[in-house]
Structure formats: C-alpha cells, structure tokens
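S.K.: Next up, model22.tsv (TSV, C-alpha atoms).
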```
chain	number	residue	atom	x	y	z
A	1	MET	CA	17.64	8.26	-21.73
A	2	LYS	CA	16.99	4.91	-23.39
A	3	ASP	CA	13.71	3.00	-23.47
A	4	LEU	CA	14.46	-0.62	-22.57
A	5	GLY	CA	10.87	-1.75	-22.99
A	6	ASP	CA	8.67	-3.42	-20.40
A	7	LEU	CA	10.21	-4.39	-17.08
A	8	SER	CA	11.13	-8.08	-17.05
A	9	TYR	CA	13.70	-8.58	-14.26
A	10	PHE	CA	14.71	-6.37	-11.35
A	11	LEU	CA	16.51	-7.16	-8.06
A	12	GLY	CA	15.70	-10.86	-8.25
A	13	MET	CA	12.06	-10.30	-9.20
A	14	GLU	CA	10.57	-11.29	-12.56
A	15	ALA	CA	7.67	-9.41	-14.15
A	16	HIS	CA	5.71	-10.91	-17.03
A	17	ARG	CA	2.88	-9.12	-18.80
A	18	ILE	CA	0.07	-11.38	-19.94
A	19	SER	CA	-3.21	-10.68	-21.69
A	20	ASN	CA	-5.23	-9.92	-18.55
A	21	GLY	CA	-2.63	-8.59	-16.15
A	22	LEU	CA	0.87	-8.87	-14.69
A	23	ASN	CA	2.58	-11.86	-13.09
A	24	GLN	CA	5.34	-11.13	-10.57
A	25	ARG	CA	7.49	-13.88	-9.10
A	26	GLN	CA	11.00	-14.77	-7.88
A	27	SER	CA	11.60	-18.19	-9.42
A	28	LYS	CA	15.27	-17.54	-10.24
A	29	TYR	CA	15.96	-16.22	-6.75
A	30	ILE	CA	14.21	-19.20	-5.15
A	31	LEU	CA	16.24	-21.64	-7.25
A	32	ASP	CA	19.43	-19.89	-6.15
A	33	LEU	CA	18.21	-20.31	-2.57
A	34	PHE	CA	17.76	-24.05	-3.17
A	35	TYR	CA	21.35	-24.29	-4.40
A	36	ARG	CA	22.62	-22.48	-1.30
A	37	ALA	CA	20.62	-24.87	0.86
A	38	SER	CA	21.64	-27.93	-1.21
A	39	MET	CA	17.96	-28.83	-1.45
A	40	ILE	CA	17.42	-29.11	-5.21
A	41	GLY	CA	15.08	-32.06	-5.77
A	42	ALA	CA	13.93	-32.33	-2.14
A	43	LYS	CA	10.48	-33.80	-1.50
A	44	PRO	CA	7.94	-30.97	-1.87
A	45	TYR	CA	5.27	-30.15	0.70
A	46	ALA	CA	1.86	-28.62	0.03
A	47	ALA	CA	2.04	-26.10	2.90
A	48	PRO	CA	4.91	-24.26	4.63
A	49	SER	CA	3.89	-25.26	8.16
A	50	VAL	CA	1.91	-27.91	10.01
A	51	SER	CA	-1.49	-26.97	11.38
A	52	GLY	CA	-1.27	-26.02	15.06
A	53	THR	CA	2.55	-25.97	15.21
A	54	LYS	CA	4.03	-23.59	17.79
A	55	LEU	CA	7.79	-23.05	17.72
A	56	SER	CA	9.62	-22.63	21.02
A	57	SER	CA	13.12	-21.86	22.25
A	58	PHE	CA	12.94	-24.82	24.62
A	59	GLU	CA	12.32	-27.68	22.20
A	60	GLY	CA	15.12	-29.62	20.53
A	61	SER	CA	18.89	-29.45	20.91
A	62	SER	CA	21.06	-26.46	20.03
A	63	LEU	CA	22.49	-26.06	16.52
A	64	SER	CA	26.21	-25.89	15.84
A	65	GLU	CA	27.85	-22.64	14.81
A	66	THR	CA	27.94	-23.73	11.15
A	67	GLU	CA	24.29	-24.75	11.20
A	68	THR	CA	23.35	-21.47	12.89
A	69	ILE	CA	25.08	-19.42	10.18
A	70	THR	CA	23.38	-21.47	7.45
A	71	TYR	CA	19.99	-21.06	9.12
A	72	ARG	CA	20.33	-17.29	9.36
A	73	GLN	CA	21.43	-16.97	5.74
A	74	LEU	CA	18.53	-19.07	4.48
A	75	VAL	CA	15.92	-17.30	6.59
A	76	GLY	CA	17.24	-13.96	5.35
A	77	GLY	CA	16.75	-15.24	1.81
A	78	LEU	CA	13.23	-16.41	2.62
A	79	GLN	CA	12.43	-12.98	4.01
A	80	TYR	CA	13.29	-11.50	0.62
A	81	CYS	CA	11.04	-14.07	-1.05
A	82	THR	CA	8.05	-12.65	0.84
A	83	LEU	CA	8.17	-9.62	-1.49
A	84	THR	CA	6.19	-11.71	-3.98
A	85	ARG	CA	5.16	-14.59	-1.73
A	86	PRO	CA	2.81	-13.33	1.01
A	87	ASP	CA	1.84	-16.95	1.61
A	88	LEU	CA	5.24	-17.29	3.33
A	89	ALA	CA	4.82	-14.28	5.62
A	90	TYR	CA	3.63	-16.11	8.74
A	91	SER	CA	6.05	-19.05	8.50
A	92	VAL	CA	9.08	-16.85	7.80
A	93	ASN	CA	8.18	-14.52	10.66
A	94	GLN	CA	8.05	-17.54	12.97
A	95	LEU	CA	11.52	-18.62	11.83
A	96	PHE	CA	12.86	-15.10	12.41
A	97	GLN	CA	11.79	-15.00	16.05
A	98	PHE	CA	14.43	-17.49	17.20
A	99	MET	CA	17.59	-16.24	15.48
A	100	HIS	CA	19.51	-16.08	18.77
A	101	SER	CA	18.27	-19.34	20.33
A	102	LEU	CA	18.16	-21.85	17.50
A	103	THR	CA	17.37	-25.53	18.00
A	104	THR	CA	16.76	-28.57	15.82
A	105	SER	CA	13.00	-27.87	15.90
A	106	HIS	CA	13.61	-24.59	14.10
A	107	TRP	CA	15.83	-26.31	11.55
A	108	ILE	CA	13.07	-28.81	10.79
A	109	ALA	CA	10.57	-25.95	10.38
A	110	LEU	CA	12.99	-24.18	8.00
A	111	LYS	CA	13.37	-27.30	5.86
A	112	ARG	CA	9.59	-27.59	5.60
A	113	VAL	CA	9.28	-24.03	4.27
A	114	LEU	CA	11.99	-24.72	1.69
A	115	ARG	CA	10.29	-27.95	0.63
A	116	TYR	CA	7.02	-26.07	0.26
A	117	LEU	CA	8.81	-23.67	-2.11
A	118	GLU	CA	10.17	-26.67	-4.03
A	119	GLY	CA	6.61	-27.50	-5.00
A	120	SER	CA	5.55	-23.92	-5.73
A	121	VAL	CA	8.69	-22.31	-7.15
A	122	ASP	CA	6.82	-20.71	-10.06
A	123	HIS	CA	4.02	-19.23	-7.95
A	124	GLY	CA	3.81	-15.46	-7.68
A	125	LEU	CA	1.47	-12.51	-7.34
A	126	PHE	CA	-1.01	-11.69	-10.06
A	127	TYR	CA	-2.16	-8.13	-10.72
A	128	SER	CA	-5.06	-7.05	-12.91
A	129	LYS	CA	-7.38	-4.08	-13.37
A	130	GLY	CA	-10.20	-3.72	-10.88
A	131	LYS	CA	-12.34	-1.38	-8.85
A	132	SER	CA	-10.77	1.49	-6.91
A	133	GLN	CA	-11.57	0.02	-3.51
A	134	LEU	CA	-9.44	-0.85	-0.50
A	135	ASN	CA	-10.37	-3.95	1.49
A	136	ILE	CA	-8.26	-4.95	4.49
A	137	TYR	CA	-8.58	-8.33	6.18
A	138	SER	CA	-7.45	-8.12	9.80
A	139	ASP	CA	-6.87	-11.04	12.15
A	140	SER	CA	-4.91	-12.07	15.23
A	141	ASP	CA	-4.03	-15.29	17.02
A	142	TRP	CA	-4.19	-14.73	20.76
A	143	ALA	CA	-1.29	-15.89	22.97
A	144	ARG	CA	0.24	-17.86	20.10
A	145	ASN	CA	3.84	-17.75	21.36
A	146	PRO	CA	4.34	-20.55	23.97
A	147	ASP	CA	7.44	-18.86	25.43
A	148	ASN	CA	5.97	-15.45	26.32
A	149	ARG	CA	2.30	-15.69	25.26
A	150	CYS	CA	2.52	-12.77	22.84
A	151	SER	CA	-0.14	-12.81	20.14
A	152	THR	CA	0.32	-12.72	16.38
A	153	THR	CA	-0.94	-9.89	14.16
A	154	GLY	CA	-1.77	-10.33	10.50
A	155	TYR	CA	-3.47	-8.29	7.81
A	156	ASP	CA	-3.79	-8.33	4.02
A	157	VAL	CA	-4.66	-5.23	1.98
A	158	PHE	CA	-6.37	-5.47	-1.42
A	159	PHE	CA	-6.69	-2.65	-3.94
A	160	GLY	CA	-9.50	-3.93	-6.11
A	161	SER	CA	-8.74	-7.63	-6.46
A	162	CYS	CA	-4.96	-7.19	-6.10
A	163	LEU	CA	-2.97	-7.75	-2.93
A	164	VAL	CA	-0.81	-4.65	-2.37
A	165	SER	CA	0.29	-4.93	1.27
A	166	TRP	CA	0.55	-7.70	3.87
A	167	PHE	CA	1.82	-8.08	7.40
A	168	ALA	CA	2.52	-10.93	9.84
A	169	ARG	CA	4.31	-10.26	13.10
A	170	LYS	CA	4.40	-11.09	16.79
A	171	GLN	CA	2.84	-8.38	18.92
A	172	SER	CA	5.31	-6.55	21.15
A	173	VAL	CA	3.21	-6.72	24.32
A	174	VAL	CA	1.12	-9.47	25.91
A	175	SER	CA	-2.63	-9.08	25.43
A	176	ARG	CA	-4.87	-9.94	28.36
A	177	SER	CA	-7.65	-11.20	26.09
A	178	SER	CA	-8.36	-12.10	22.48
A	179	ILE	CA	-10.27	-8.82	22.16
A	180	GLU	CA	-7.16	-6.83	23.09
A	181	ALA	CA	-5.08	-8.81	20.59
A	182	GLU	CA	-7.66	-8.24	17.86
A	183	TYR	CA	-7.93	-4.55	18.67
A	184	GLN	CA	-4.17	-4.10	18.40
A	185	THR	CA	-4.35	-5.72	14.98
A	186	LEU	CA	-7.20	-3.41	13.97
A	187	SER	CA	-5.00	-0.48	14.94
A	188	TYR	CA	-2.17	-1.70	12.68
A	189	ALA	CA	-4.62	-2.31	9.84
A	190	THR	CA	-6.22	1.12	10.29
A	191	ALA	CA	-2.84	2.85	10.13
A	192	GLU	CA	-1.93	0.95	6.95
A	193	ALA	CA	-5.29	1.69	5.33
A	194	TYR	CA	-4.98	5.39	6.11
A	195	TRP	CA	-1.40	5.54	4.77
A	196	ILE	CA	-2.34	3.81	1.51
A	197	ARG	CA	-5.32	6.12	1.10
A	198	MET	CA	-3.05	9.17	1.48
A	199	LEU	CA	-0.59	7.66	-1.01
A	200	LEU	CA	-3.36	7.15	-3.55
A	201	GLN	CA	-4.44	10.77	-3.10
A	202	GLU	CA	-0.90	11.93	-3.87
A	203	LEU	CA	-1.12	9.88	-7.07
A	204	HIS	CA	-4.44	11.58	-7.84
A	205	LEU	CA	-6.35	8.32	-7.45
A	206	SER	CA	-9.61	8.44	-5.56
A	207	LEU	CA	-11.41	5.59	-3.83
A	208	SER	CA	-15.06	4.89	-4.57
A	209	THR	CA	-15.65	4.18	-0.85
A	210	PRO	CA	-13.58	4.57	2.34
A	211	PRO	CA	-11.23	1.65	3.08
A	212	THR	CA	-13.12	-1.28	4.58
A	213	ILE	CA	-11.51	-3.38	7.32
A	214	TRP	CA	-12.92	-6.87	7.79
A	215	CYS	CA	-12.70	-8.38	11.29
A	216	ASP	CA	-14.05	-11.71	12.57
A	217	ASP	CA	-13.98	-10.90	16.31
A	218	ILE	CA	-17.42	-9.83	17.55
A	219	GLY	CA	-16.00	-8.57	20.87
A	220	ALA	CA	-13.57	-6.21	19.14
A	221	LEU	CA	-16.33	-4.97	16.84
A	222	SER	CA	-18.53	-4.27	19.86
A	223	LEU	CA	-15.82	-2.03	21.29
A	224	VAL	CA	-15.49	-0.27	17.95
A	225	SER	CA	-19.22	0.44	17.70
A	226	ASN	CA	-19.61	1.50	21.35
A	227	PRO	CA	-18.81	5.23	21.69
A	228	ILE	CA	-18.65	4.95	25.49
A	229	TYR	CA	-15.20	4.50	27.00
A	230	HIS	CA	-15.26	1.05	28.60
A	231	ALA	CA	-13.10	-0.30	31.43
A	232	ARG	CA	-11.84	-3.03	29.10
A	233	THR	CA	-10.31	-0.40	26.82
A	234	LYS	CA	-7.97	1.16	29.36
A	235	TYR	CA	-5.20	-1.27	28.40
A	236	ILE	CA	-5.53	-0.33	24.73
A	237	GLU	CA	-6.51	3.31	25.20
A	238	ILE	CA	-4.37	4.76	22.39
A	239	ASP	CA	-5.54	2.14	19.89
A	240	PHE	CA	-9.14	2.70	21.01
A	241	HIS	CA	-9.08	6.46	20.40
A	242	PHE	CA	-7.05	6.16	17.18
A	243	ILE	CA	-9.55	3.78	15.59
A	244	ARG	CA	-12.55	5.75	16.86
A	245	GLU	CA	-11.15	8.97	15.38
A	246	LYS	CA	-10.65	7.41	11.94
A	247	MET	CA	-14.17	5.96	12.01
A	248	LEU	CA	-15.80	9.24	13.06
A	249	ASN	CA	-13.92	11.05	10.28
A	250	LYS	CA	-15.16	8.39	7.83
A	251	ASP	CA	-11.57	7.54	6.96
A	252	ILE	CA	-12.32	3.83	7.43
A	253	ILE	CA	-15.23	1.41	7.70
A	254	ILE	CA	-15.00	-1.67	9.95
A	255	ARG	CA	-17.24	-4.63	9.25
A	256	PHE	CA	-17.72	-8.22	10.40
A	257	ILE	CA	-16.65	-11.22	8.37
A	258	SER	CA	-17.02	-14.88	9.28
A	259	THR	CA	-13.88	-16.77	10.29
A	260	ILE	CA	-14.22	-19.13	7.34
A	261	ASP	CA	-14.00	-16.15	4.97
A	262	GLN	CA	-11.20	-14.38	6.85
A	263	ILE	CA	-8.29	-14.28	4.40
A	264	ALA	CA	-5.85	-12.97	7.04
A	265	ASP	CA	-6.14	-16.32	8.83
A	266	VAL	CA	-3.24	-17.43	6.63
A	267	SER	CA	-1.04	-14.68	8.15
A	268	THR	CA	-1.54	-15.54	11.82
A	269	LYS	CA	-1.23	-19.30	12.33
A	270	GLY	CA	-0.40	-22.67	10.84
A	271	ILE	CA	-3.55	-24.02	9.19
A	272	SER	CA	-4.58	-27.20	7.39
A	273	THR	CA	-3.24	-27.79	3.90
A	274	SER	CA	-6.66	-27.53	2.26
A	275	ARG	CA	-7.47	-24.23	3.97
A	276	PHE	CA	-3.99	-22.88	3.28
A	277	THR	CA	-4.36	-23.63	-0.43
A	278	THR	CA	-7.77	-21.96	-0.51
A	279	LEU	CA	-6.51	-18.79	1.18
A	280	ARG	CA	-3.34	-18.70	-0.92
A	281	ASP	CA	-5.51	-18.66	-4.03
A	282	LYS	CA	-7.52	-15.77	-2.56
A	283	LEU	CA	-4.25	-13.87	-2.08
A	284	LEU	CA	-3.76	-14.40	-5.84
A	285	VAL	CA	-0.48	-16.22	-5.25
A	286	ILE	CA	-0.87	-18.48	-8.26
A	287	PRO	CA	1.24	-20.28	-10.88
A	288	PRO	CA	1.85	-18.48	-14.18
A	289	PRO	CA	0.18	-19.42	-17.46
A	290	ASN	CA	1.61	-22.47	-19.22
A	291	SER	CA	3.44	-20.18	-21.65
A	292	LEU	CA	5.56	-18.77	-18.81
A	293	ARG	CA	6.26	-21.95	-16.85
A	294	GLY	CA	9.83	-23.12	-16.86
A	295	ALA	CA	10.99	-19.73	-18.14
A	296	VAL	CA	13.64	-19.46	-15.44
A	297	GLY	CA	16.03	-21.53	-17.54
A	298	VAL	CA	16.82	-24.20	-14.92
A	299	ASN	CA	15.17	-27.56	-14.36
A	300	PRO	CA	15.36	-28.11	-10.58
A	301	HIS	CA	14.95	-31.87	-11.07
A	302	ASP	CA	17.79	-32.21	-13.59
A	303	SER	CA	20.28	-34.65	-12.05
A	304	ALA	CA	23.14	-32.91	-13.87
A	305	CYS	CA	22.67	-29.78	-11.78
A	306	LYS	CA	21.49	-31.45	-8.59
A	307	PRO	CA	23.95	-30.90	-5.70
A	308	GLU	CA	24.04	-33.00	-2.59
A	309	SER	CA	20.61	-32.99	-0.97
A	310	LEU	CA	20.20	-31.40	2.43
A	311	ALA	CA	18.63	-34.67	3.56
A	312	ASP	CA	21.99	-36.35	2.87
A	313	LYS	CA	23.98	-33.85	4.90
A	314	ASP	CA	24.74	-34.36	8.57
A	315	PHE	CA	22.17	-31.82	9.74
A	316	PRO	CA	19.42	-32.32	12.31
A	317	GLN	CA	16.46	-34.22	10.88
```
Hey, can you dump this file as structure tokens for me?

M.R.:
Amino acid sequence: MKDLGDLSYFLGMEAHRISNGLNQRQSKYILDLFYRASMIGAKPYAAPSVSGTKLSSFEGSSLSETETITYRQLVGGLQYCTLTRPDLAYSVNQLFQFMHSLTTSHWIALKRVLRYLEGSVDHGLFYSKGKSQLNIYSDSDWARNPDNRCSTTGYDVFFGSCLVSWFARKQSVVSRSSIEAEYQTLSYATAEAYWIRMLLQELHLSLSTPPTIWCDDIGALSLVSNPIYHARTKYIEIDFHFIREKMLNKDIIIRFISTIDQIADVSTKGISTSRFTTLRDKLLVIPPPNSLRGAVGVNPHDSACKPESLADKDFPQ
C-alpha cells in the first residue's frame, strides 16, 4: 500500500484543502462539458432558470435526431455536475423530465443552465468543522408541472453548517392540495434524516439533538401536531403514520420556518436571481479562495482554445 497524500482529484471531482476546511468542485469536468457543447465563451447568466418558468411538452417545435442526442448527452453531464453543485438540482431535474418529448423550449432552458455554469465554473461545495447537528429544510411546489399537475419535492440536509444531502424531484402522484404535497415532501425528508442518523451511529458519531426538519407550510405542521386521524390524511395515510411514528419515538423534530428563510425553496422552483444567489450562498456553493482560482489549467475565454460557439450553430434559439 502506498500513501499518495491528500485527495486532490477523483472521478472528475477536485478536492482542495484550505486553512478552514475543504473545497470540492468539478471545474475541469464542467469545462469539458462546455467543449462538448461548443459553448466556451458564451454569455454567462446569473441564475440557471428564469423565475416562474414552467417547462412543458407542448411548447415549441420538436428537435431533430441530432439535437435530441446532443441534449441527452449534455443533460446527463449536468446530472453528474450536481454531485458538487446542488444549486443545479432543480433545473437539471426539470430538463430530465422531457427526455422523450424534447422541443425547442427545452433546448433554450438547457442553454441557460450551461450559460449559468459559464459564470460560476469555479463554484463548489465548502466543508468545515461544525456542530454535530442535522438540520433538514423541506419544501414543495404544488402542482408545478403544467402537463400533469404533479408537484415538486425538494429538501436540503445540513450536518453542522455543511450540506451533505439534497433532493429535487417531481412527485410521482398528483396531490389534491398544497398540504398533501408538503406532507409527501416531509415524508421524504424524514426518511433521509433517519437514514443519515443511522449512518452516523454506525460511524460512532452521535448527534447533540434529534434531526430537525424545517417546514414553511402551517397546514402540514398542523397535521403533524394533531394526533387525531383526520379525514384530510386518508390520501396520505402511510406518510401520516410514518412521520407520526418517528416523532413519537423522538427520532425527528419538525419545526416551522418562514418562507423567506426556507433554503429548500431553491430546490423546488425557478426563483429571482437575487433570491437564488442568496440561497446558493446558504448552501455553501461558493467560489474558492483566490489562491485556487484558475487552477484547472484552462482559460475558458482564451480565443486559441475557443471552438465554434453554440450560438453560431444552426440550433434552435
């Protein structure tokens, strides 16, 4: 066995130790993705999606076979980027939902995500020492999908101040109310919190308090705190009893948080650029120190290595 020193690069991910923690990013992988997309030097955007945007299968014209293949390859690459870029989770999940019915509207949305990465290629997750506490921010966006009215689930799990797990996905069934959608999300978050707690126990790490789940839906919290089986819960009966059991066993704590402070808002919908930037910073998706910037060895704005721009190609605009 040979000691190769501190981890620096593994499966497209870069790890850099700094004085107060660890910076993890995928700058090299993202630059390779730009080359594949022929988008080196494209105009950067400050957010990966436009506030209020809802993608649909019925907007825009169909893509050609070549464009469809390119789209799928690029979205697959973006999915891998979410390993260190949770700020992409919602937008990439939206792009994934239309793999078999692609239109020009999806292509435009894909280009926006890539142009957002152009302006944040060096951003990555930051890890540092902190308290042994689990805080989970849970949120949903009711009836978000315009094609089938399924809702969107999102949660972000912090161990101390560090983001260790995140999730953004369309719910598999249609919720009859925002409370049902929020309760389904609480169920996902509860399962994740319980699993992480068991994992920490196997590593002989104890939590100072039970995992705390933060929810901004008063209706869902009322159902959680009401021990009486209510008629409104019959459509979410399994989730209802699962969450109640974990609360009674003191495996989790569920508390209210205002919408303005709900970090998981970034995982459920397109939001304004200013709010997106604020929440991205709270996820600790940040640029590296000046000493690490540009360490990927490629200048994306160097004309000598700049292939034909995607904007110059005969693709849908």

S.K.: Please, what is the axis-aligned box for every listed atom of range 96-113 of chain A with 5 Å on each side, as centre and edge lengths in Å to one decimal, as JSON?

M.R.:
```
{"center_x": 14.4, "center_y": -21.9, "center_z": 12.3, "size_x": 20.2, "size_y": 23.8, "size_z": 26.1}
```

S.K.: Neighbourhood query: residues within 12 Å of (-0.1, -28.2, 14.9), file coordinates, counting all atoms listed in the file; return as a CSV table (one decimal) with C-alpha atoms, keeping the file's coordinate frame.

M.R.:
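Result saved to out33.csv:
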```
chain,number,residue,atom,x,y,z
A,49,SER,CA,3.9,-25.3,8.2
A,50,VAL,CA,1.9,-27.9,10.0
A,51,SER,CA,-1.5,-27.0,11.4
A,52,GLY,CA,-1.3,-26.0,15.1
A,53,THR,CA,2.6,-26.0,15.2
A,54,LYS,CA,4.0,-23.6,17.8
A,55,LEU,CA,7.8,-23.0,17.7
A,109,ALA,CA,10.6,-26.0,10.4
A,144,ARG,CA,0.2,-17.9,20.1
A,269,LYS,CA,-1.2,-19.3,12.3
A,270,GLY,CA,-0.4,-22.7,10.8
A,271,ILE,CA,-3.6,-24.0,9.2
A,272,SER,CA,-4.6,-27.2,7.4
A,273,THR,CA,-3.2,-27.8,3.9
```

S.K.: So, counting all atoms listed in the file, which residue among A:Ile213, A:Ile257, A:Ala42, A:Ile179 is closest to Tyr155 in chain A?

M.R.: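 Nearest candidate to Tyr155 in chain A out of A:Ile213, A:Ile257, A:Ala42, A:Ile179: A:Ile213.
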
S.K.: What is the CA of Ala191 in chain A to CA of Leu95 in chain A distance in Å?

M.R.: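 Calculated distance between CA of Ala191 in chain A and CA of Leu95 in chain A is 25.9 Å.
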
S.K.: For Ser274 in chain A, list every protein, DNA or RNA residue within 10 Å, evaluated using only C-alpha atoms, and leave out those in the same chain fewer than 6 positions away; present the list as a PDB file with C-alpha atoms, keeping the file's coordinate frame.

M.R.:
```
ATOM      1  CA  ALA A  46       1.860 -28.620   0.030  1.00  0.00           C
ATOM      2  CA  ALA A  47       2.040 -26.100   2.900  1.00  0.00           C
ATOM      3  CA  ARG A 280      -3.340 -18.700  -0.920  1.00  0.00           C
TER       4      ARG A 280
END
```

S.K.: Write out as a PyMOL selection string each polymer residue whose atoms come within 8 Å of range 120-137 of chain A, counting all atoms listed in the file; drop sequence neighbours fewer than 2 positions from it.

M.R.: chain A and resi 20-27+30-31+84-85+116-118+139+155-163+189+193+206-215+262-264+283-288+293-294

S.K.: Could you state the separation of CA of His16 in chain A and CA of Asn290 in chain A in Å, given to one decimal place?

M.R.: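 Taking CA of His16 in chain A and CA of Asn290 in chain A, their separation equals 12.5 Å.
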